[in-house]
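Asker: Sharing a structure, written as structure tokens. Questions coming.
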Amino acid sequence: MVFRMSGIVKRFGGLVALDRVDFSVAKGEVMALVGDNGAGKSTLIKTMSGAHVPDEGTIEMEGKLVHFRSPQEAWASGIATIYQELALAGKMTVVDNIFLGREIKKPVLGVPFLDRQAMRKRTSELLSQLDVHVPSIDSWVESMSGGQRQGVAIARALNMDARLIIMDEPTAALAVAEVRKVLEFIKNLRAQGKSVVLISHNIQDVFEVSDRISVMRHGRCIAVRETAKTTPQEIIGLITGAHEVRAAAS
Ligand SMILES: Nc1ncnc2c1ncn2[C@@H]1O[C@H](COP(=O)(O)OP(=O)(O)O)[C@@H](O)[C@H]1O
Ligand SMILES: [Mg+2]
């Protein structure tokens, strides 16, 4: 497993948001994370990405125990999180967003200058690897569609050498054609050997792209299924607790 969490507990005052959660992702795997509102999905990924520090449990990335105290530390370990509200700068170009904070510099007469040519070349390579099409790498990100922005955000993560990419509802606000694009980006990431955690309310999307599905309910991870060996009915039953109702009635 490229990433593994064991026995994770996260409390907010008296509320147990994560109750002894075990969660793992293999290399080149798309793991879907599903559950009703309030189940603990966002809290779990915030714990994976260094935004929350767990109260109990262990986290391993690529076989090493890690103790993230900030998102920067998680990024440095190769874990990138792409939130719904993308952390892109609208009034900046595609190239500038992809290299924000890690510009390529070359010395000219001993003075470091931005190597625009190298950054442009790398940007074009990343976008073509992912099959992201933008009007121009010099266009402002705010002029682009939701799907194109997702593509730029993923390219940025790859440029920072992310091996695990976490996406929280990446298709929620997108038109149908754009959703298709983002699902293709996810498949491209897997084809490149990257691991993806996908939070989605859309069961159809989950079945189209995931290899496994983790179901959360009331702060617990109650089931993990191989996508090829389950059905949307079973997953929806697990999300809503229909199985608990049946068990209680029988
Ligand atoms: N920062 C916080 N402070 C207090 N309670 C929180 C905080 N974040 C989440 N919670 C609570 O933890 C539970 C899980 O929330 P969340 O992880 O956002 O669920 P999901 O993403 O599955 O909808 C909810 O009861 C929520 O109200
Ligand atoms: Mg959430």
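By convention here, the chains of the structure tokens are called A, B, ... in the order presented, each chain's residues are numbered starting at 1, and ligands are numbered starting at 1 in the order presented.
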Given only C-alpha atoms and all ligand atoms, how would the per-residue table for chain A near ligand 1 read, listing every residue at most 6 Å away with its closest atom pair and distance in Å to one decimal, sorted by chain and number, as CSV?
Answerer:
residue,atom,partner,partner_atom_place_in_ligand_line,distance
A:Phe12,CA,ligand 1,4 (C),4.8
A:Ala17,CA,ligand 1,12 (O),4.3
A:Gly35,CA,ligand 1,22 (O),5.9
A:Asp36,CA,ligand 1,22 (O),5.9
A:Asn37,CA,ligand 1,23 (O),3.6
A:Gly38,CA,ligand 1,19 (O),3.4
A:Ala39,CA,ligand 1,22 (O),3.8
A:Gly40,CA,ligand 1,17 (O),3.2
A:Lys41,CA,ligand 1,22 (O),3.7
A:Ser42,CA,ligand 1,21 (O),3.7
A:Thr43,CA,ligand 1,17 (O),3.7
Asker: Write the residues of the preceding selection, restricted to all heavy atoms, as a compact mmCIF listing (two decimals), in the first residue's frame.
Answerer:
# COMPACT_ATOMS: atom_id res chain seq x y z
N PHE A 12 -13.73 16.43 18.01
CA PHE A 12 -13.93 17.88 18.09
C PHE A 12 -14.71 18.09 19.38
O PHE A 12 -15.92 17.87 19.40
CB PHE A 12 -14.74 18.40 16.89
CG PHE A 12 -14.01 18.27 15.57
CD1 PHE A 12 -14.48 17.41 14.58
CD2 PHE A 12 -12.87 19.03 15.31
CE1 PHE A 12 -13.82 17.31 13.36
CE2 PHE A 12 -12.21 18.92 14.09
CZ PHE A 12 -12.68 18.07 13.12
N ALA A 17 -15.48 12.62 15.45
CA ALA A 17 -15.70 12.75 14.00
C ALA A 17 -15.11 11.55 13.25
O ALA A 17 -15.64 11.14 12.22
CB ALA A 17 -15.09 14.05 13.47
N GLY A 35 -20.11 8.40 1.56
CA GLY A 35 -20.81 8.44 2.84
C GLY A 35 -21.73 9.63 2.85
O GLY A 35 -21.54 10.58 2.08
N ASP A 36 -22.73 9.57 3.73
CA ASP A 36 -23.72 10.64 3.83
C ASP A 36 -23.07 11.91 4.35
O ASP A 36 -21.96 11.87 4.88
CB ASP A 36 -24.83 10.18 4.79
CG ASP A 36 -26.18 10.72 4.38
OD1 ASP A 36 -26.21 11.65 3.54
OD2 ASP A 36 -27.19 10.22 4.90
N ASN A 37 -23.79 13.04 4.27
CA ASN A 37 -23.27 14.28 4.85
C ASN A 37 -23.02 14.07 6.34
O ASN A 37 -23.85 13.49 7.03
CB ASN A 37 -24.29 15.42 4.68
CG ASN A 37 -24.36 15.90 3.25
OD1 ASN A 37 -23.40 15.75 2.49
ND2 ASN A 37 -25.49 16.45 2.87
N GLY A 38 -21.87 14.53 6.80
CA GLY A 38 -21.54 14.40 8.21
C GLY A 38 -20.91 13.07 8.58
O GLY A 38 -20.59 12.81 9.74
N ALA A 39 -20.69 12.19 7.59
CA ALA A 39 -20.13 10.86 7.88
C ALA A 39 -18.66 10.94 8.32
O ALA A 39 -18.16 10.03 8.98
CB ALA A 39 -20.25 9.96 6.65
N GLY A 40 -17.98 12.01 7.91
CA GLY A 40 -16.57 12.17 8.31
C GLY A 40 -15.59 12.16 7.15
O GLY A 40 -14.38 12.14 7.37
N LYS A 41 -16.08 12.22 5.91
CA LYS A 41 -15.20 12.15 4.74
C LYS A 41 -14.19 13.29 4.70
O LYS A 41 -12.99 13.08 4.52
CB LYS A 41 -16.03 12.16 3.44
CG LYS A 41 -17.09 11.08 3.37
CD LYS A 41 -17.88 11.16 2.07
CE LYS A 41 -18.69 12.44 1.90
NZ LYS A 41 -19.77 12.67 2.88
N SER A 42 -14.72 14.52 4.85
CA SER A 42 -13.81 15.68 4.77
C SER A 42 -12.81 15.66 5.93
O SER A 42 -11.63 15.98 5.74
CB SER A 42 -14.60 17.00 4.76
OG SER A 42 -15.36 17.08 3.58
N THR A 43 -13.28 15.28 7.10
CA THR A 43 -12.36 15.20 8.25
C THR A 43 -11.27 14.16 7.97
O THR A 43 -10.10 14.39 8.29
CB THR A 43 -13.14 14.83 9.52
OG1 THR A 43 -14.20 15.78 9.71
CG2 THR A 43 -12.24 14.84 10.75
Asker: Can you tell me, as a compact mmCIF listing (two decimals) with N, CA, C and O atoms, in the first residue's frame, what residues are no more than 12 Å from Glu142 (chain A) when counting only C-alpha atoms, ignoring any on the same chain fewer than 5 positions away?
Answerer:
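Output file around.txt is given in full below:
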# COMPACT_ATOMS: atom_id res chain seq x y z
N LEU A 86 -10.85 25.40 -5.65
CA LEU A 86 -9.47 25.14 -6.06
C LEU A 86 -8.57 26.27 -5.61
O LEU A 86 -8.92 27.43 -5.71
N ALA A 87 -7.40 25.89 -5.15
CA ALA A 87 -6.45 26.89 -4.70
C ALA A 87 -5.64 27.43 -5.87
O ALA A 87 -4.43 27.40 -5.88
N LEU A 88 -6.36 27.90 -6.89
CA LEU A 88 -5.66 28.49 -8.04
C LEU A 88 -5.86 29.99 -7.99
O LEU A 88 -6.85 30.48 -7.45
N ALA A 89 -4.92 30.73 -8.55
CA ALA A 89 -5.04 32.17 -8.62
C ALA A 89 -5.67 32.53 -9.96
O ALA A 89 -5.07 32.30 -11.01
N GLY A 90 -6.88 33.08 -9.93
CA GLY A 90 -7.63 33.36 -11.15
C GLY A 90 -6.93 34.34 -12.08
O GLY A 90 -6.88 34.13 -13.29
N LYS A 91 -6.38 35.38 -11.48
CA LYS A 91 -5.74 36.42 -12.30
C LYS A 91 -4.26 36.11 -12.54
O LYS A 91 -3.40 36.99 -12.46
N MET A 92 -3.99 34.84 -12.78
CA MET A 92 -2.64 34.42 -13.15
C MET A 92 -2.77 33.41 -14.27
O MET A 92 -3.79 32.76 -14.41
N THR A 93 -1.71 33.26 -15.06
CA THR A 93 -1.77 32.35 -16.19
C THR A 93 -1.64 30.90 -15.72
O THR A 93 -1.31 30.62 -14.57
N VAL A 94 -1.88 29.98 -16.65
CA VAL A 94 -1.74 28.56 -16.38
C VAL A 94 -0.31 28.25 -15.92
O VAL A 94 -0.09 27.59 -14.90
N ASN A 97 0.37 29.52 -12.41
CA ASN A 97 -0.29 28.72 -11.38
C ASN A 97 0.46 27.42 -11.14
O ASN A 97 0.62 26.99 -10.00
N VAL A 134 -6.23 23.58 -22.84
CA VAL A 134 -6.58 24.94 -22.44
C VAL A 134 -6.36 25.84 -23.66
O VAL A 134 -5.59 25.48 -24.56
N GLY A 147 -13.78 22.30 -15.70
CA GLY A 147 -13.00 21.10 -16.02
C GLY A 147 -11.54 21.46 -16.33
O GLY A 147 -10.62 20.77 -15.89
N GLN A 148 -11.36 22.54 -17.08
CA GLN A 148 -10.00 22.97 -17.40
C GLN A 148 -9.24 23.36 -16.12
O GLN A 148 -8.07 23.03 -15.96
N ARG A 149 -9.95 24.02 -15.21
CA ARG A 149 -9.29 24.40 -13.95
C ARG A 149 -8.89 23.18 -13.13
O ARG A 149 -7.83 23.15 -12.51
N GLN A 150 -9.77 22.17 -13.14
CA GLN A 150 -9.42 20.93 -12.43
C GLN A 150 -8.15 20.35 -13.04
O GLN A 150 -7.27 19.87 -12.34
N VAL A 152 -5.75 21.95 -14.57
CA VAL A 152 -4.59 22.75 -14.18
C VAL A 152 -4.18 22.42 -12.74
O VAL A 152 -2.99 22.29 -12.44
Asker: Just checking: using only C-alpha atoms and all ligand atoms, which residue out of A:Ala153, A:Ala172, A:Val66, A:Met5 ends up closest to ligand 2?
Answerer: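 Ranking A:Ala153, A:Ala172, A:Val66, A:Met5 by distance to ligand 2, first place goes to A:Ala172.
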Asker: Please determine, counting only C-alpha atoms and all ligand atoms, which residue among A:Pro54, A:Leu44, A:Gly110, A:Lys105 has the shortest atom-to-atom distance to ligand 2.
Answerer: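 Residue with the minimum atom-to-atom distance to ligand 2: A:Leu44.
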Asker: Please list as a compact mmCIF listing (two decimals) with C-alpha atoms, in the first residue's frame every residue within 9 Å of Trp75 (chain A), counting only C-alpha atoms and excluding residues in the same chain fewer than 4 positions away.
Answerer:
# COMPACT_ATOMS: atom_id res chain seq x y z
CA SER A 49 -3.46 15.96 4.08
CA GLY A 50 -2.08 17.51 7.26
CA SER A 70 0.58 21.07 8.26
CA PRO A 71 -0.55 20.66 4.64
CA ILE A 79 0.24 13.96 -0.89
CA ALA A 80 -1.66 16.64 -2.78
CA THR A 81 -5.22 17.66 -2.00
CA ALA A 157 0.02 18.60 -8.13
CA MET A 160 5.05 19.06 -7.16
CA ASP A 161 5.71 15.35 -7.51
CA ALA A 162 2.47 14.21 -5.87
Asker: Just want the 7 Å neighbourhood of region 200-206 of chain A, counted on only C-alpha atoms, with same-chain residues fewer than 5 positions away dropped. Output as an MDAnalysis selection string.
Answerer: chainID A and resid 32:34 168:169 232
Asker: Can you tell me which residues surround Arg20 (chain A) at a distance of at most 7 Å, considering only C-alpha atoms, apart from same-chain residues fewer than 3 positions away, and format the answer as a PyMOL selection string?
Answerer: chain A and resi 7-9+220
Asker: Which parts of region 18-107 of chain A does DSSP call strand (DSSP E) when run on the backbone here, written out as number ranges by chain?
Answerer: A: 18-25, 30-35, 56-61, 64-66, 79-82, 105-107
Asker: If you run DSSP over the backbone, which residues in region 20-241 of chain A end up alpha helix (DSSP H)? Put them as number ranges by chain.
Answerer: A: 41-48, 71-76, 94-98, 116-130, 146-159, 176-191, 203-209, 232-240
Asker: Skip region 122-129 of chain A itself and residues of its chain fewer than 3 positions away, then list as a short mmCIF file (atom, residue, chain, number, x, y, z; two decimals) with all heavy atoms, in the first residue's frame all residues within 9 Å of it, counting only C-alpha atoms.
Answerer:
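Final output, part_29.cif:
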data_model
loop_
_atom_site.label_atom_id
_atom_site.label_comp_id
_atom_site.auth_asym_id
_atom_site.auth_seq_id
_atom_site.Cartn_x
_atom_site.Cartn_y
_atom_site.Cartn_z
N VAL A 94 -1.88 29.98 -16.65
CA VAL A 94 -1.74 28.56 -16.38
C VAL A 94 -0.31 28.25 -15.92
O VAL A 94 -0.09 27.59 -14.90
CB VAL A 94 -2.08 27.73 -17.64
CG1 VAL A 94 -1.79 26.26 -17.43
CG2 VAL A 94 -3.54 27.95 -18.03
N VAL A 95 0.66 28.75 -16.67
CA VAL A 95 2.07 28.50 -16.32
C VAL A 95 2.37 29.01 -14.91
O VAL A 95 2.96 28.29 -14.09
CB VAL A 95 3.04 29.23 -17.29
CG1 VAL A 95 4.49 28.90 -16.94
CG2 VAL A 95 2.75 28.84 -18.72
N ILE A 98 0.89 26.78 -12.21
CA ILE A 98 1.54 25.48 -12.06
C ILE A 98 2.87 25.62 -11.34
O ILE A 98 3.27 24.75 -10.58
CB ILE A 98 1.67 24.80 -13.44
CG1 ILE A 98 0.27 24.30 -13.85
CG2 ILE A 98 2.67 23.64 -13.42
CD1 ILE A 98 0.18 23.67 -15.20
N PHE A 99 3.52 26.77 -11.51
CA PHE A 99 4.83 26.97 -10.87
C PHE A 99 4.79 27.88 -9.66
O PHE A 99 5.83 28.23 -9.12
CB PHE A 99 5.84 27.48 -11.90
CG PHE A 99 6.34 26.37 -12.77
CD1 PHE A 99 5.73 26.09 -13.98
CD2 PHE A 99 7.39 25.56 -12.36
CE1 PHE A 99 6.15 25.03 -14.77
CE2 PHE A 99 7.82 24.52 -13.14
CZ PHE A 99 7.19 24.25 -14.36
N GLN A 117 11.13 29.90 -20.32
CA GLN A 117 11.10 28.90 -21.39
C GLN A 117 10.98 27.49 -20.79
O GLN A 117 10.17 26.68 -21.26
CB GLN A 117 12.38 29.04 -22.19
CG GLN A 117 12.25 28.53 -23.60
CD GLN A 117 13.61 28.53 -24.30
OE1 GLN A 117 14.53 29.27 -23.90
NE2 GLN A 117 13.74 27.71 -25.32
N ALA A 118 11.76 27.21 -19.75
CA ALA A 118 11.70 25.88 -19.12
C ALA A 118 10.34 25.64 -18.48
O ALA A 118 9.79 24.54 -18.56
CB ALA A 118 12.81 25.76 -18.08
N MET A 119 9.77 26.67 -17.86
CA MET A 119 8.46 26.51 -17.20
C MET A 119 7.35 26.28 -18.22
O MET A 119 6.45 25.49 -18.01
CB MET A 119 8.17 27.71 -16.31
CG MET A 119 9.11 27.81 -15.11
SD MET A 119 8.56 28.95 -13.83
CE MET A 119 8.98 30.51 -14.55
N VAL A 132 -5.05 17.54 -20.94
CA VAL A 132 -5.79 18.76 -20.57
C VAL A 132 -5.63 19.75 -21.71
O VAL A 132 -4.51 20.01 -22.14
CB VAL A 132 -5.22 19.40 -19.29
CG1 VAL A 132 -5.93 20.72 -18.98
CG2 VAL A 132 -5.32 18.45 -18.10
N HIS A 133 -6.75 20.25 -22.21
CA HIS A 133 -6.68 21.25 -23.29
C HIS A 133 -7.12 22.60 -22.76
O HIS A 133 -8.23 22.74 -22.28
CB HIS A 133 -7.57 20.82 -24.45
CG HIS A 133 -7.09 19.54 -25.08
ND1 HIS A 133 -6.13 19.52 -26.06
CD2 HIS A 133 -7.40 18.25 -24.81
CE1 HIS A 133 -5.89 18.26 -26.39
NE2 HIS A 133 -6.63 17.47 -25.63
N VAL A 134 -6.23 23.58 -22.84
CA VAL A 134 -6.58 24.94 -22.44
C VAL A 134 -6.36 25.84 -23.66
O VAL A 134 -5.59 25.48 -24.56
CB VAL A 134 -5.70 25.44 -21.26
CG1 VAL A 134 -5.99 24.62 -20.02
CG2 VAL A 134 -4.21 25.40 -21.60
N ILE A 137 -1.50 28.43 -22.60
CA ILE A 137 -0.92 28.36 -21.25
C ILE A 137 -0.66 29.77 -20.71
O ILE A 137 -0.32 29.93 -19.54
CB ILE A 137 0.38 27.52 -21.21
CG1 ILE A 137 1.44 28.08 -22.17
CG2 ILE A 137 0.08 26.06 -21.53
CD1 ILE A 137 2.79 27.36 -22.04
N GLY A 151 -8.09 20.40 -14.38
CA GLY A 151 -6.91 19.88 -15.07
C GLY A 151 -5.65 20.63 -14.67
O GLY A 151 -4.60 20.02 -14.42
N VAL A 152 -5.75 21.95 -14.57
CA VAL A 152 -4.59 22.75 -14.18
C VAL A 152 -4.18 22.42 -12.74
O VAL A 152 -2.99 22.29 -12.44
CB VAL A 152 -4.89 24.27 -14.35
CG1 VAL A 152 -3.76 25.12 -13.77
CG2 VAL A 152 -5.11 24.60 -15.82
N ALA A 155 -2.37 19.16 -12.80
CA ALA A 155 -1.02 19.35 -13.38
C ALA A 155 -0.10 19.98 -12.34
O ALA A 155 1.07 19.62 -12.21
CB ALA A 155 -1.11 20.23 -14.62
N ARG A 156 -0.64 20.90 -11.56
CA ARG A 156 0.16 21.56 -10.52
C ARG A 156 0.61 20.53 -9.48
O ARG A 156 1.76 20.52 -9.05
CB ARG A 156 -0.69 22.65 -9.87
CG ARG A 156 -0.01 23.33 -8.73
CD ARG A 156 -0.68 24.66 -8.39
NE ARG A 156 0.28 25.43 -7.62
CZ ARG A 156 0.25 25.50 -6.29
NH1 ARG A 156 -0.70 24.90 -5.62
NH2 ARG A 156 1.18 26.17 -5.65
N LEU A 158 1.00 17.32 -9.96
CA LEU A 158 2.03 16.46 -10.56
C LEU A 158 3.38 17.17 -10.62
O LEU A 158 4.43 16.57 -10.42
CB LEU A 158 1.62 16.01 -11.97
CG LEU A 158 0.46 15.04 -12.05
CD1 LEU A 158 0.24 14.63 -13.50
CD2 LEU A 158 0.70 13.82 -11.18
N ASN A 159 3.33 18.47 -10.88
CA ASN A 159 4.57 19.24 -10.93
C ASN A 159 5.26 19.26 -9.56
O ASN A 159 6.48 19.40 -9.48
CB ASN A 159 4.29 20.66 -11.40
CG ASN A 159 5.56 21.41 -11.72
OD1 ASN A 159 6.44 20.86 -12.39
ND2 ASN A 159 5.69 22.63 -11.25
N ASN A 188 -6.18 8.94 -16.29
CA ASN A 188 -4.81 9.20 -16.72
C ASN A 188 -3.83 9.14 -15.55
O ASN A 188 -2.72 8.64 -15.69
CB ASN A 188 -4.69 10.58 -17.37
CG ASN A 188 -5.19 10.58 -18.80
OD1 ASN A 188 -5.24 9.53 -19.43
ND2 ASN A 188 -5.57 11.74 -19.32
N GLN A 192 -0.63 6.53 -15.00
CA GLN A 192 0.74 6.96 -14.71
C GLN A 192 1.25 6.40 -13.38
O GLN A 192 2.30 6.82 -12.89
CB GLN A 192 0.82 8.49 -14.67
CG GLN A 192 0.61 9.14 -16.02
CD GLN A 192 0.59 10.65 -15.92
OE1 GLN A 192 1.39 11.24 -15.22
NE2 GLN A 192 -0.33 11.27 -16.63
#
Asker: Grab the CA of Gly78 (chain A) to CA of Ile165 (chain A) distance for me, in Å with one decimal place.
Answerer: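 One can read the CA of Gly78 (chain A) to CA of Ile165 (chain A) distance as 8.4 Å.
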Asker: Write out as a PyMOL selection string the residues lying within 10 Å of Phe68 (chain A), counting only C-alpha atoms and excluding same-chain residues fewer than 5 positions away.
Answerer: chain A and resi 47-54+59+73-77
Asker: Could you check which of A:Arg11, A:Arg163, A:Arg180, A:Lys46 is closest to ligand 2, using only C-alpha atoms and all ligand atoms?
Answerer: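 Comparing A:Arg11, A:Arg163, A:Arg180, A:Lys46 against ligand 2, the winner is A:Lys46.
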